[in-house]
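File shown here: final.cif, holding mmCIF, C-alpha atoms.
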```cif
data_upload
#
loop_
_atom_site.group_PDB
_atom_site.id
_atom_site.type_symbol
_atom_site.label_atom_id
_atom_site.label_comp_id
_atom_site.auth_asym_id
_atom_site.auth_seq_id
_atom_site.Cartn_x
_atom_site.Cartn_y
_atom_site.Cartn_z
ATOM 1 C CA MET W 1 15.682 -19.695 6.143
ATOM 2 C CA SER W 2 12.808 -18.687 8.397
ATOM 3 C CA PRO W 3 9.568 -17.258 6.955
ATOM 4 C CA ALA W 4 9.241 -13.473 6.728
ATOM 5 C CA ARG W 5 7.465 -11.932 9.691
ATOM 6 C CA ALA W 6 4.362 -9.848 9.047
ATOM 7 C CA SER W 7 4.159 -6.205 10.086
ATOM 8 C CA ASP W 8 1.104 -4.482 11.558
ATOM 9 C CA GLU W 9 0.672 -2.554 8.306
ATOM 10 C CA GLU W 10 0.674 -5.785 6.278
ATOM 11 C CA ARG W 11 -1.892 -7.354 8.622
ATOM 12 C CA GLN W 12 -4.113 -4.298 8.202
ATOM 13 C CA TRP W 13 -3.746 -4.448 4.415
ATOM 14 C CA PHE W 14 -4.904 -8.088 4.400
ATOM 15 C CA VAL W 15 -7.872 -7.244 6.640
ATOM 16 C CA GLU W 16 -8.919 -4.538 4.173
ATOM 17 C CA LEU W 17 -8.477 -6.967 1.290
ATOM 18 C CA LEU W 18 -10.690 -9.539 3.030
ATOM 19 C CA GLU W 19 -13.311 -6.852 3.623
ATOM 20 C CA ARG W 20 -13.333 -6.045 -0.106
ATOM 21 C CA HIS W 21 -13.951 -9.713 -0.898
ATOM 22 C CA PHE W 22 -16.806 -9.705 1.637
ATOM 23 C CA VAL W 23 -18.375 -6.630 0.011
ATOM 24 C CA GLU W 24 -18.129 -8.299 -3.394
ATOM 25 C CA GLY W 25 -19.921 -11.404 -2.043
ATOM 26 C CA ARG W 26 -17.068 -13.919 -2.023
ATOM 27 C CA LEU W 27 -17.093 -14.361 1.753
ATOM 28 C CA ASP W 28 -20.004 -14.568 4.167
ATOM 29 C CA HIS W 29 -19.918 -12.785 7.525
ATOM 30 C CA GLU W 30 -18.819 -15.871 9.469
ATOM 31 C CA GLU W 31 -15.938 -16.598 7.072
ATOM 32 C CA LEU W 32 -14.892 -12.934 7.100
ATOM 33 C CA THR W 33 -14.807 -12.862 10.902
ATOM 34 C CA LEU W 34 -12.744 -16.052 11.048
ATOM 35 C CA ARG W 35 -10.224 -14.843 8.442
ATOM 36 C CA ILE W 36 -9.868 -11.416 10.037
ATOM 37 C CA GLU W 37 -9.146 -13.053 13.389
ATOM 38 C CA ARG W 38 -6.477 -15.201 11.741
ATOM 39 C CA ALA W 39 -5.023 -12.177 9.918
ATOM 40 C CA VAL W 40 -4.736 -10.158 13.110
ATOM 41 C CA ASN W 41 -2.980 -13.052 14.854
ATOM 42 C CA ALA W 42 -0.750 -14.032 11.901
ATOM 43 C CA GLN W 43 2.969 -14.017 12.583
ATOM 44 C CA THR W 44 4.262 -14.530 9.038
ATOM 45 C CA LEU W 45 3.465 -13.366 5.520
ATOM 46 C CA GLU W 46 2.946 -16.996 4.560
ATOM 47 C CA GLU W 47 0.032 -17.200 7.005
ATOM 48 C CA LEU W 48 -1.472 -14.001 5.579
ATOM 49 C CA TYR W 49 -1.211 -15.148 1.968
ATOM 50 C CA GLY W 50 -2.794 -18.455 2.977
ATOM 51 C CA LEU W 51 -5.923 -16.522 3.967
ATOM 52 C CA ILE W 52 -6.489 -15.296 0.399
ATOM 53 C CA SER W 53 -5.090 -18.198 -1.612
ATOM 54 C CA ASP W 54 -8.564 -19.428 -2.609
ATOM 55 C CA LEU W 55 -9.820 -15.969 -3.603
ATOM 56 C CA PRO W 56 -9.350 -14.339 -7.020
ATOM 57 C CA HIS W 57 -7.064 -11.362 -7.482
ATOM 58 C CA LEU W 58 -8.855 -8.046 -7.227
ATOM 59 C CA PRO W 59 -8.387 -5.518 -10.013
ATOM 60 C CA THR W 60 -5.900 -2.760 -9.337
ATOM 61 C CA VAL W 61 -7.134 0.809 -9.411
ATOM 62 C CA VAL W 62 -5.181 2.647 -12.105
ATOM 63 C CA MET W 63 -4.902 6.417 -12.164
ATOM 64 C CA PRO W 64 -5.902 8.000 -15.501
ATOM 65 C CA TYR W 65 -2.913 8.993 -17.639
ATOM 66 C CA ASP W 66 -3.596 12.735 -17.740
ATOM 67 C CA HIS W 67 -3.970 12.967 -13.957
ATOM 68 C CA ALA W 68 -0.824 10.909 -13.375
ATOM 69 C CA TYR W 69 1.104 13.053 -15.866
ATOM 70 C CA LYS W 70 0.042 16.328 -14.237
ATOM 71 C CA ARG W 71 0.865 14.938 -10.829
ATOM 72 C CA SER W 72 4.313 13.758 -11.917
ATOM 73 C CA ARG W 73 5.104 17.173 -13.420
ATOM 74 C CA ARG W 74 4.186 18.856 -10.143
ATOM 75 C CA SER W 75 6.350 16.415 -8.226
ATOM 76 C CA PHE W 76 9.286 16.990 -10.565
ATOM 77 C CA GLY W 77 8.924 20.755 -10.201
ATOM 78 C CA ALA W 78 8.887 20.469 -6.427
ATOM 79 C CA LEU W 79 11.971 18.279 -6.522
ATOM 80 C CA VAL W 80 13.865 20.774 -8.700
ATOM 81 C CA GLY W 81 12.795 23.629 -6.427
ATOM 82 C CA ARG W 82 14.008 21.818 -3.327
ATOM 83 C CA TRP W 83 17.279 20.973 -5.023
ATOM 84 C CA MET W 84 17.833 24.637 -5.986
ATOM 85 C CA VAL W 85 17.184 25.798 -2.415
ATOM 86 C CA TRP W 86 19.581 23.171 -1.061
ATOM 87 C CA TRP W 87 22.253 24.023 -3.634
ATOM 88 C CA ARG W 88 22.025 27.775 -2.935
ATOM 89 C CA TYR W 89 22.122 27.181 0.810
ATOM 90 C CA ARG W 90 25.102 24.872 0.524
ATOM 91 C CA SER W 91 27.035 27.247 -1.715
ATOM 92 C CA GLY W 92 26.481 30.140 0.712
ATOM 93 C CA ARG W 93 24.123 32.187 -1.435
ATOM 94 C CA SER W 94 21.298 33.639 0.591
ATOM 95 C CA SER W 95 18.902 34.641 -2.202
ATOM 96 C CA LEU W 96 17.488 32.828 -5.179
#
```

Could you rewrite the structure in this file as structure tokens?
Amino acid sequence: MSPARASDEERQWFVELLERHFVEGRLDHEELTLRIERAVNAQTLEELYGLISDLPHLPTVVMPYDHAYKRSRRSFGALVGRWMVWWRYRSGRSSL
């Protein structure tokens, strides 16, 4: 089985990750430049992960519960609204 090929979006994500490590002082400018060049030219995900294998995992940004809850309720409401419009349209009813 051949290694998974890297997409442009994945390359960009790794470049941003390397920049975060630079800002936090784990990489100097020369090392950052070298790793970004390798990331941009990487063909596989294996090559990209090799660029960060010696760096610690960065903490994930977690959305506060109350904000996530309000956001999910809005999303659910929008989904129900779209479903109702679709159902009415499909059944031939012109008004809600």

| field | Best match for closeness to W:Tyr49 among W:Leu34, W:Leu18, W:Val23, W:Met1, counting all atoms listed in the file | value |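 Checking each of W:Leu34, W:Leu18, W:Val23, W:Met1 against W:Tyr49, counting all atoms listed in the file, the winner is W:Leu18.
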
| request: State, in Å with one decimal place, the distance from atom CA of W:Leu48 to atom CA of W:Phe14. | output: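 Spanning atom CA of W:Leu48 to atom CA of W:Phe14 is a straight-line distance of 6.9 Å.
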
| said: I'd like the contact shell of W:Phe22 - 12 Å cut-off, all atoms listed in the file, skipping same-chain residues fewer than 3 positions apart - returned as number ranges by chain. | reply: W: 15-19, 25-33, 35-36, 52, 55

| Of the listed residues W:Trp13, W:Ser2, W:Asp8, W:His21, that which approaches W:Pro56 most closely, counting all atoms listed in the file |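 Closest to W:Pro56 of all the choices is W:His21.
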
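Note that atom CA of W:His57 and atom CA of W:Glu9 are 19.7 Å apart.
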
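Residues matched by the PyMOL selection byres ((chain W and resi 40) around 8) in this file: Arg11, Gln12, Val15, Ile36, Glu37, Arg38, Ala39, Asn41 and Ala42 of chain W.
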
| query | Using the chain letters and numbers from the file, which residues does the PyMOL selection byres ((chain W and resi 4) around 6) grab, as JSON, numbers by chain? | reply | {"W": [3, 5, 44, 45]}

Given 8 Å of margin on each side, can you work out the centre and size in Å (one decimal) of an axis-aligned box holding every listed atom of stretch 20-37 of chain W, as lines of an AutoDock Vina configuration file?
```
center_x = -14.6
center_y = -11.3
center_z = 5.0
size_x = 26.9
size_y = 26.6
size_z = 32.8
```
